[in-house]
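Undergrad: Sending over a structure as structure tokens; questions will come in a sec.
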Amino acid sequence: MRRFLTILLLAATLASGGCSLSRERIRKADAVVTLTVDRQDACPPSDATRCAVPSPLIDAAIEANGASTAERPVHVATLLEDGESAMAARISLIRAATKTIDVQTYIWEQDDAGKLVLDELVHAARRGVEVRILADQLFSFRDPGLLARLARASDHMQIRLYNPTFQSARTPPLEFAAGILCCFYKFNQRMHNKLIVVDDLIGITGGRNYEDRYFDWDGAFDYVDRDVMVGGPAARAMGASFDQFWNHKRSVPLTHLRDVNRELMADTDDPRHWDPPTYEHPERVNQMIADATDAGWIATRLQRATLRLNRVEYLSDLPGKTDEPKRREVRALTRHIIGLLRNAKSEIVLQTPYLVMSKPAQKVFSGLRKRPDPPRVVVSTNSLASTDAFAVYALSYKHRKRYLTDYGFEIYEMKPHPANGDPDALEGRSVSIDTPPVAVAHQGSGGGRARRSDRAAQAAAGTPSESSGFLGMGSRAGRGPRNRPAPLLTAGVRFGLHAKSIVVDDTFAMVGTHNFDPRSDHYNTESGVIVYDKRFADRLRDSILQDTQPDNAWVIAPRQKTIPVLSSVNEFIGDVSERLPFFDLWPFRYATSYEIKPGCIPMRWTDPKFFECYEPVGDFPEVDVSLKLIYTRMITAFGSSAAGIL
């Protein structure tokens, strides 16, 4: 085996032609870019202000900055709960930029959403705005020819890729395997930050990457996700964080990448630059642009949901997080989150796609549970039917008893077709499924809600508004059968939870990129906004709790002990099996999924009347029994040692 691995590594290295380029070759590629870059100026004489499209979002941020003092900062903050609002906010900000736009992301696909944002950024650069794009290499672009064109799209735009494997933009399977073998810790550490900051005045961070499914544009699988838009002094912290990543040694310019360099050198006078993209659904894109540039639409859908508040913090782990893991400051966001949880008094409301507790998190929740009056802990997460990272889900499934009994969690797993799924994601979509449909299971009588896109506006008028890791590499469906979510027995567009948010004691809240798993704690760099304001915390809390309603989620609870002696024996064997790192083969788990009965009201699993109002629907409701279920059982049995890299 050792000989085979050595040969594999050597073959990958030879196939890639070495790991780095000579200075001479980089210099020549830089010269090609300098000589052939598109210097057209859409706004002569290089006055980006004259060509910017006015945006009330920028105006509000300018006003907040002007009203701020060192002792009392002023911010404006808006929760972006649905894909339409999240995309419109980005386009509005990009078109209104006058000086700088910095974009940081984990994934950038070349579908309609990815093309639209990229096209908007190119146009901004061509009217004189300085645009910088920093994307994690493993899941972004992956087309050296495209990047070679972008390198010359405008002399006001720069692109870098973070932590490229063997100094390339594209990572073929052989190089991927070699990356794990030769330099595991470096290869395993990814930049999971998502950020766009404009003119150092206003920025957006949260769970969304640049791919259709993050904006309700995918035809089969869309994410329930969340961003927060913040204008005011915190935007300067966003810009400073971006600069740290941009200037880090792992952020590599395009001409330093072997395959992009090769494309540039292949034709040194290539006249091709950036052409207007061809969209799969141009009418949808045109409508989005029209909405984003309509001040009335922005006012109704975004400004009405905006809160004016004071204390806001933007926090980010430092780049190269695994280089010096013992330095406290490199894990700034992770440490802060742990501190917030440790100080909880009455309630923690947590929303995370992946529920795999790191050791520090286990210690915190165990300590909270031992208090005389422990805080309530509500967790909104994915079911097997809604997740696209089944291996990570399997570890959450393995430790259900620990979560319920040792930590006192109230766990709600999202249904694949929640009642609050955004209608925009359902328009004109196919309802076909891979397996024959059956009658849809009863969805419960609990409080559904209006569309997600109306949530922020309702809150403002109201009461008068994500997988990572190697085994999660296939978490973006459509990359092949092995990488798709588990097949379902029910038809329709599927939704999966991707939002990452925490509310503690109704007084402060966090929206960011941090999944509640060991990978986010120890490997990926993460970022987020923490808001110390009860109004904001209440809105976020209400939003998460709506996702736990019976129409939207199943309740995880212990199995009812119908046969006392046999049930106790089963539980004992299950306890022993669960604590084994390998060979956890006992099939009868402590807990399962429950659906509310007609006519009942929602209640906690600890309520004495719970079993009168809820009925079990199986460990994996709505999932078609298939190899995916078998994989889940296998990971449960053998995969606990891989928790740190999932």
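By order of appearance in the structure tokens: chains A, B, ..., then residues from 1 within every chain, and ligands from 1 in the order shown.
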Using only C-alpha atoms, which residues of region 102-172 of chain A come within 10 Å of region 32-39 of chain A, and what is the closest atom pair for each, with the distance in Å to one decimal? Give it as a tab-separated table, sorted by chain and residue number.

TA:
```
residue	atom	partner	partner_atom	distance
A:Ala125	CA	A:Arg39	CA	9.9
A:Arg126	CA	A:Arg39	CA	7.6
A:Gly128	CA	A:Arg39	CA	10.0
A:Ala148	CA	A:Val33	CA	8.9
A:Arg149	CA	A:Val37	CA	9.1
A:Leu150	CA	A:Val37	CA	9.2
A:Ala151	CA	A:Val33	CA	6.8
A:Arg152	CA	A:Val37	CA	4.1
A:Ala153	CA	A:Asp38	CA	5.4
A:Ser154	CA	A:Asp38	CA	4.8
A:Asp155	CA	A:Arg39	CA	5.9
A:His156	CA	A:Arg39	CA	8.5
```

Undergrad: For the contact check between region 281-354 of chain A and region 489-509 of chain A, emit one row per residue of region 281-354 of chain A within 6 Å, containing the shortest atom pair and the distance in Å rounded to one decimal, counting only C-alpha atoms, chain then rising number order, as JSON lines.

TA:
```
{"residue": "A:Ser346", "atom": "CA", "partner": "A:Asp505", "partner_atom": "CA", "distance": 5.7}
{"residue": "A:Glu347", "atom": "CA", "partner": "A:Asp505", "partner_atom": "CA", "distance": 5.0}
{"residue": "A:Ile348", "atom": "CA", "partner": "A:Val504", "partner_atom": "CA", "distance": 4.7}
{"residue": "A:Val349", "atom": "CA", "partner": "A:Val503", "partner_atom": "CA", "distance": 5.1}
{"residue": "A:Leu350", "atom": "CA", "partner": "A:Ile502", "partner_atom": "CA", "distance": 4.6}
{"residue": "A:Gln351", "atom": "CA", "partner": "A:Ser501", "partner_atom": "CA", "distance": 5.2}
{"residue": "A:Thr352", "atom": "CA", "partner": "A:Lys500", "partner_atom": "CA", "distance": 4.9}
{"residue": "A:Pro353", "atom": "CA", "partner": "A:His498", "partner_atom": "CA", "distance": 5.2}
```

Undergrad: Mind dumping the selected residues with N, CA and C atoms as an mmCIF file, in the first residue's frame?

TA:
```cif
data_model
loop_
_atom_site.group_PDB
_atom_site.id
_atom_site.type_symbol
_atom_site.label_atom_id
_atom_site.label_comp_id
_atom_site.auth_asym_id
_atom_site.auth_seq_id
_atom_site.Cartn_x
_atom_site.Cartn_y
_atom_site.Cartn_z
ATOM 1 N N SER A 346 -30.795 31.726 29.636
ATOM 2 C CA SER A 346 -32.135 31.143 29.550
ATOM 3 C C SER A 346 -32.384 30.334 28.284
ATOM 4 N N GLU A 347 -31.757 30.710 27.146
ATOM 5 C CA GLU A 347 -32.113 30.023 25.900
ATOM 6 C C GLU A 347 -31.032 30.197 24.849
ATOM 7 N N ILE A 348 -30.792 29.123 24.094
ATOM 8 C CA ILE A 348 -29.953 29.153 22.899
ATOM 9 C C ILE A 348 -30.791 28.610 21.749
ATOM 10 N N VAL A 349 -30.892 29.381 20.677
ATOM 11 C CA VAL A 349 -31.564 28.929 19.461
ATOM 12 C C VAL A 349 -30.499 28.853 18.378
ATOM 13 N N LEU A 350 -30.286 27.653 17.871
ATOM 14 C CA LEU A 350 -29.170 27.380 16.969
ATOM 15 C C LEU A 350 -29.690 26.798 15.666
ATOM 16 N N GLN A 351 -29.210 27.344 14.547
ATOM 17 C CA GLN A 351 -29.556 26.781 13.240
ATOM 18 C C GLN A 351 -28.268 26.447 12.506
ATOM 19 N N THR A 352 -28.124 25.188 12.118
ATOM 20 C CA THR A 352 -26.902 24.722 11.478
ATOM 21 C C THR A 352 -27.219 23.579 10.521
ATOM 22 N N PRO A 353 -26.614 23.550 9.347
ATOM 23 C CA PRO A 353 -26.858 22.437 8.417
ATOM 24 C C PRO A 353 -26.340 21.111 8.949
#
```

Undergrad: Enumerate, in order of chain and increasing residue number, the residues of region 92-197 of chain A with an atom no farther than 7 Å from region 212-222 of chain A, each with its shortest atom pair and distance in Å to one decimal, counting only C-alpha atoms, as CSV.

TA:
```
residue,atom,partner,partner_atom,distance
A:Asp111,CA,A:Asp212,CA,6.4
A:Asp112,CA,A:Asp212,CA,6.4
A:Ala113,CA,A:Asp212,CA,5.0
```

Undergrad: Those selected residues, please, written with all heavy atoms and delivered as a CSV table (one decimal), in the first residue's frame.

TA:
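Result saved to part.csv:
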```
chain,number,residue,atom,x,y,z
A,111,ASP,N,-23.1,29.0,-13.4
A,111,ASP,CA,-24.5,28.9,-13.7
A,111,ASP,C,-25.0,30.3,-13.8
A,111,ASP,O,-24.3,31.3,-13.8
A,111,ASP,CB,-25.2,28.0,-12.7
A,111,ASP,CG,-25.0,28.4,-11.3
A,111,ASP,OD1,-24.5,29.5,-11.0
A,111,ASP,OD2,-25.3,27.6,-10.4
A,112,ASP,N,-26.3,30.5,-13.8
A,112,ASP,CA,-26.9,31.8,-14.0
A,112,ASP,C,-26.5,32.8,-12.9
A,112,ASP,O,-26.1,33.9,-13.1
A,112,ASP,CB,-28.4,31.7,-14.1
A,112,ASP,CG,-28.9,31.3,-15.5
A,112,ASP,OD1,-28.1,31.0,-16.4
A,112,ASP,OD2,-30.1,31.2,-15.7
A,113,ALA,N,-26.6,32.3,-11.6
A,113,ALA,CA,-26.2,33.2,-10.5
A,113,ALA,C,-24.8,33.6,-10.6
A,113,ALA,O,-24.4,34.8,-10.4
A,113,ALA,CB,-26.6,32.5,-9.2
```

Undergrad: Figure out the distance between CA of Thr69 (chain A) and CA of Lys534 (chain A), please, to one decimal in Å.

TA: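 Computing it gives 21.5 Å between the two atoms.
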
Undergrad: Could you give me, as a VMD selection string, the residues within 10 Å of region 161-166 of chain A, counting only C-alpha atoms and dropping anything in the same chain fewer than 6 positions from it?

TA: chain A and resid 12 to 13 16 to 20 104 to 106 133 to 138 140 to 141 172 175 to 176 178 to 180 183 186 to 191 245 to 246 248 to 254 256 to 258 319 to 320

Undergrad: Find the residue from A:Ala124, A:Leu21, A:Leu315, A:Leu57 that sits nearest to Gln167 (chain A); use only C-alpha atoms when measuring.

TA: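 Looking at the shortest contact to Gln167 (chain A), the residue is A:Leu21.
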
Undergrad: With distances taken over only C-alpha atoms, which of A:Leu340, A:Ala295, A:Leu79, A:Leu368 is nearest to Arg541 (chain A)?

TA: A:Leu79

Undergrad: From the set A:Ile298, A:Glu81, A:Arg127, A:Asp291, which residue has the shortest atom-to-atom contact distance to Arg50 (chain A), counting only C-alpha atoms?

TA: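 Residue with the minimum atom-to-atom distance to Arg50 (chain A): A:Arg127.
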
Undergrad: Report, in Å to a single decimal, how far apart CA of Asn261 (chain A) and CA of His192 (chain A) are.

TA: 25.6 Å

Undergrad: Please list as a VMD selection string every residue within 8 Å of Glu615 (chain A), counting only C-alpha atoms and excluding residues in the same chain fewer than 4 positions away.

TA: chain A and resid 594 to 597 611

Undergrad: Could you take the residues named above and write them with N, CA and C atoms, as a CSV table (one decimal), in the first residue's frame?

TA:
```
chain,number,residue,atom,x,y,z
A,594,TYR,N,-40.4,12.2,14.6
A,594,TYR,CA,-41.8,12.2,14.9
A,594,TYR,C,-42.6,13.3,14.1
A,595,GLU,N,-43.8,12.9,13.8
A,595,GLU,CA,-44.8,13.8,13.1
A,595,GLU,C,-45.9,14.1,14.1
A,596,ILE,N,-46.4,15.4,14.1
A,596,ILE,CA,-47.5,15.8,14.9
A,596,ILE,C,-48.8,15.1,14.4
A,597,LYS,N,-49.7,14.8,15.3
A,597,LYS,CA,-51.0,14.2,14.9
A,597,LYS,C,-52.0,15.4,14.6
A,611,PHE,N,-46.1,11.8,23.6
A,611,PHE,CA,-46.4,10.6,22.8
A,611,PHE,C,-47.9,10.5,22.5
```

Undergrad: For a quick check of understanding, using only C-alpha atoms, which of A:Thr334, A:Thr306, A:Ser68, A:Thr592 has the smallest distance to Met229 (chain A)?

TA: A:Thr306

Undergrad: Taking only C-alpha atoms into account, name the residue in A:Arg342, A:His417, A:Arg311, A:His336 that is nearest to Arg72 (chain A).

TA: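 Under the stated criterion, the closest residue is A:Arg311.
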